[in-house]
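A.B. asks: Please find one structure pasted underneath; my questions will follow.
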Number of protein chains: 2
Amino acid sequence: MITKEEIAHAYREIQDEICAGLELADGKGKFEEELWSREGGGGGRTRIIQNGNILEKGGVNFSAVEGKLPESIKKSFGVSEDDFFATGVSIVIHPNHPWIPIIHMNIRYFEMVSENAKELSWFGGGIDLTPHYVINEDARFFHQSLKATCDEFKDDFYSKFKKWADDYFFIKHRAETRGVGGIFYDRLNPESTGLGWEEIFEFSKAVGRTFLPIYTEIIERNKNKPYTKAHKQWQYQRRSRYVEFNLVYDAGTKFGLETNGRVESILMSLPPQANWVYDFTPQQGTEEEKTLDLLKKGINWI
Amino acid sequence: MITKEEIAHAYREIQDEICAGLELADGKGKFEEELWSREGGGGGRTRIIQNGNILEKGGVNFSAVEGKLPESIKKSFGVSEDDFFATGVSIVIHPNHPWIPIIHMNIRYFEMVSENAKELSWFGGGIDLTPHYVINEDARFFHQSLKATCDEFKDDFYSKFKKWADDYFFIKHRAETRGVGGIFYDRLNPESTGLGWEEIFEFSKAVGRTFLPIYTEIIERNKNKPYTKAHKQWQYQRRSRYVEFNLVYDAGTKFGLETNGRVESILMSLPPQANWVYDFTPQQGTEEEKTLDLLKKGINWI
């Protein structure tokens with residue numbers, strides 16, 4: 001039987017691997033680490049990179065927290081137990097280059113500490129891509145890579161989790177998706193998947209380890225493309241939609257703010273700069289128009 | 001007895017006066033008007049100014065809408081009737097000059113259309129100031145002006161509504177106020193105030209007409225002050241807190257997004273540019289530190 005300590009240990013290793021790999025890909029930026037502990041129990045390792053060659057602002061955060069669950073969260077989780085343990089790795093990267101996409105990855109494990117703990121435990125997570133400009137071949141490569149990871153574990157994982165991401169990363173008030181989606185999953189356990197705990201744990205680690213090769217490849221493909229001031233302006237505008245999603249809809253952000261998490265670690269997902277232009281309408285036939293047309297659910301990128 | 005048409009008419013006049021006055025104060029920017037109608041009933045006049053001499057981005061919006069109230073709003077309002085009418089003027093101004101504050105003003109009237117309509121009707125509104133840098137004399141002038149308006153109607157209005165603003169314009173996750181507050185009030189009717197409907201309506205108009213002289217005076221006081229790149233950076237950072245408040249807490253924004261209001265009119269409150277810097281700590285003895293120290297409830301500015 002895997003223990004929560006083993007899971008936290010593996011997640012910490014994945015955080016280390018990803019930070020090392022991203023520093024290498026960037027060539028200049030270095031992660032700064034902040035160790036923090038939570039009043040109710042546990043703590044984390046926040047790692048932030050700023051003003052790199054490519055990574056303008058990014059966070060690769062590990063946390064393992066425990067304690068009493070607030071009433072509001074108990075209700076939304078549908079659990080009656082009090083004592084919980086949660087560990088995870090969370091990543092958001094805002095590149096400075098408008099042709100390189102924003103990326104988000106999260107792997108997490110949640111457990112109610114009780115006699116029948118394993119019945120109230122699950123893995124969750126996902127990876128999704130938010131291009132400033134949608135590039136079809138990159139979106140295809142991204143989804144193919146995720147499908148390859150999913151297919152190693154279960155036939156229907158990719159199609160189920162791809163749809164879940166489409167539905168989750170959706171900016172309802174604008175009726176547009178945040179980006180080109182990816183995979184999103186929650187409450188995976190033997191009951192919901194038909195797999196054993198060990199296999200689900202392996203899947204969670206595999207998702208974590210899919211992040212680095214995917215993102216470094218997409219960086220390499222785009223980092224030497226030239227761009228203009230107008231491309232940058234569009235990037236700032238796309239980032240404002242990212243802010244809207246994270247502050248209005250994102251469950252992780254809500255959970256963090258409502259449980260009095262460390263504000264700077266939670267809001268590291270917000271971009272270094274975002275612009276709001278009133279009532280923007282793209283010119284016909286432009287890259288901006290093409291991107292807006294592709295921000296919808298249900299596109300088969302593969 | 002005042003009618004809802006009279007109220008909407010007066011609010012439209014106030015919108016006209018304020019737009020004319022702000023164009024005069026700016027000297028360059030002109031409001032652009034967008035007329036819109038709402039599927040469920042009613043509509044509005046959105047007026048946006050962008051890239052003026054002083055007003056970088058601002059909206060002065062009028063709306064008068066009617067229809068069926070969604071279940072979620074009925075619950076939060078504690079009403080059982082379906083048909084509602086709501087009219088109001090809403091203003092948010094983001095100036096380009098870091099020594100001129102962001103300002104927000106709202107006057108509104110809400111009515112349930114039923115046999116006992118007036119028992120389920122109220123006026124709400126307020127004005128609050130969000131300086132990038134808090135200037136004590138400006139905050140004092142601002143609060144003195146609001147107090148003068150309140151005092152014409154009822155002795156306890158200013159102290160009650162000042163406290164209400166402190167509590168409302170509060171960024172809970174940062175434990176800081178949005179700015180130096182102002183006044184905020186809701187559900188004013190004869191029962192809650194002891195005043196007649198006519199007097200409450202006069203108060204609502206008086207709040208609306210207090211906006212222009214206050215803001216033009218504060219513009220005049222500060223528009224010729226020199227500023228540096230560092231001051232601009234701080235302005236962008238302060239604006240990011242404004243974004244956080246509006247997307248996470250503001251009831252008007254939530255109401256608008258949940259009732260499928262016109263997104264661009266609702267989100268006109270968001271700044272043209274906002275920056276998030278990870279874990280910013282001001283240097284000791286700086287203007288930035290002084291401002292952060294003053295972002296708290298309960299300060300007697302007068």
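A note on labels: chains of the structure tokens are A, B, ... as shown, every chain counts residues from 1, and ligands are counted from 1 in their shown order.
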Step one, run DSSP on the backbone; step two, keep only residues of range 54-202 of chain A assigned to helix (DSSP H, G or I); then write them as a ChimeraX atom specification.
C.D. replies: /A:71-77,117-120,136-151,157-168,172-174,190-193,197-202
A.B. asks: For range 173-176 of chain A, please output as a list in words all residues within 10 Å (counting only C-alpha atoms; exclusion window: fewer than 5 positions along the same chain).
C.D. replies: Asp166, Arg241, Glu244, Phe245, Val248, Leu292, Asp293, Leu294, Leu295, Lys296 and Lys297 of chain A; Gly256, Leu257, Glu258, Thr259, Asn260, Gly261, Arg262, Val263 and Glu264 of chain B
A.B. asks: Specify as a ChimeraX atom specification all residues of chain A found within 6 Å of chain B, counting only C-alpha atoms.
C.D. replies: /A:247-248,264,272-276,279
A.B. asks: Take the residues from that selection and put them in a file with N, CA and C atoms, as a CSV table (one decimal), in the first residue's frame.
C.D. replies:
chain,number,residue,atom,x,y,z
A,247,LEU,N,-9.5,34.2,-11.3
A,247,LEU,CA,-10.1,34.9,-10.2
A,247,LEU,C,-11.6,34.6,-10.1
A,248,VAL,N,-12.3,34.4,-11.2
A,248,VAL,CA,-13.7,34.1,-11.2
A,248,VAL,C,-14.1,32.7,-11.1
A,264,GLU,N,0.6,34.8,-1.9
A,264,GLU,CA,1.5,35.0,-3.0
A,264,GLU,C,1.8,33.7,-3.7
A,272,PRO,N,2.6,38.7,-15.2
A,272,PRO,CA,3.3,39.9,-14.8
A,272,PRO,C,2.6,41.2,-15.3
A,273,GLN,N,2.0,41.1,-16.5
A,273,GLN,CA,1.3,42.2,-17.0
A,273,GLN,C,0.1,41.7,-17.8
A,274,ALA,N,-1.1,42.4,-17.6
A,274,ALA,CA,-2.3,42.1,-18.3
A,274,ALA,C,-3.0,43.4,-18.7
A,275,ASN,N,-3.6,43.4,-19.9
A,275,ASN,CA,-4.2,44.6,-20.4
A,275,ASN,C,-5.7,44.3,-20.8
A,276,TRP,N,-6.5,45.2,-20.4
A,276,TRP,CA,-7.9,45.2,-20.8
A,276,TRP,C,-8.2,46.3,-21.8
A,279,ASP,N,-14.0,46.4,-25.5
A,279,ASP,CA,-14.8,45.9,-26.6
A,279,ASP,C,-13.9,45.6,-27.9
A.B. asks: Once DSSP has gone over the backbone, tell me which residues of range 17-253 of chain A are in strand (DSSP E), as a ChimeraX atom specification.
C.D. replies: /A:32-37,42-50,55-68,83-95,102-112,121-130,170-171,176-177,182-188
A.B. asks: Of the residues B:Pro131, B:Gly41, B:Gly208, B:Gly181, which is the one nearest to Met105 in chain B, using only C-alpha atoms?
C.D. replies: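 Residue with the minimum atom-to-atom distance to Met105 in chain B: B:Gly208.
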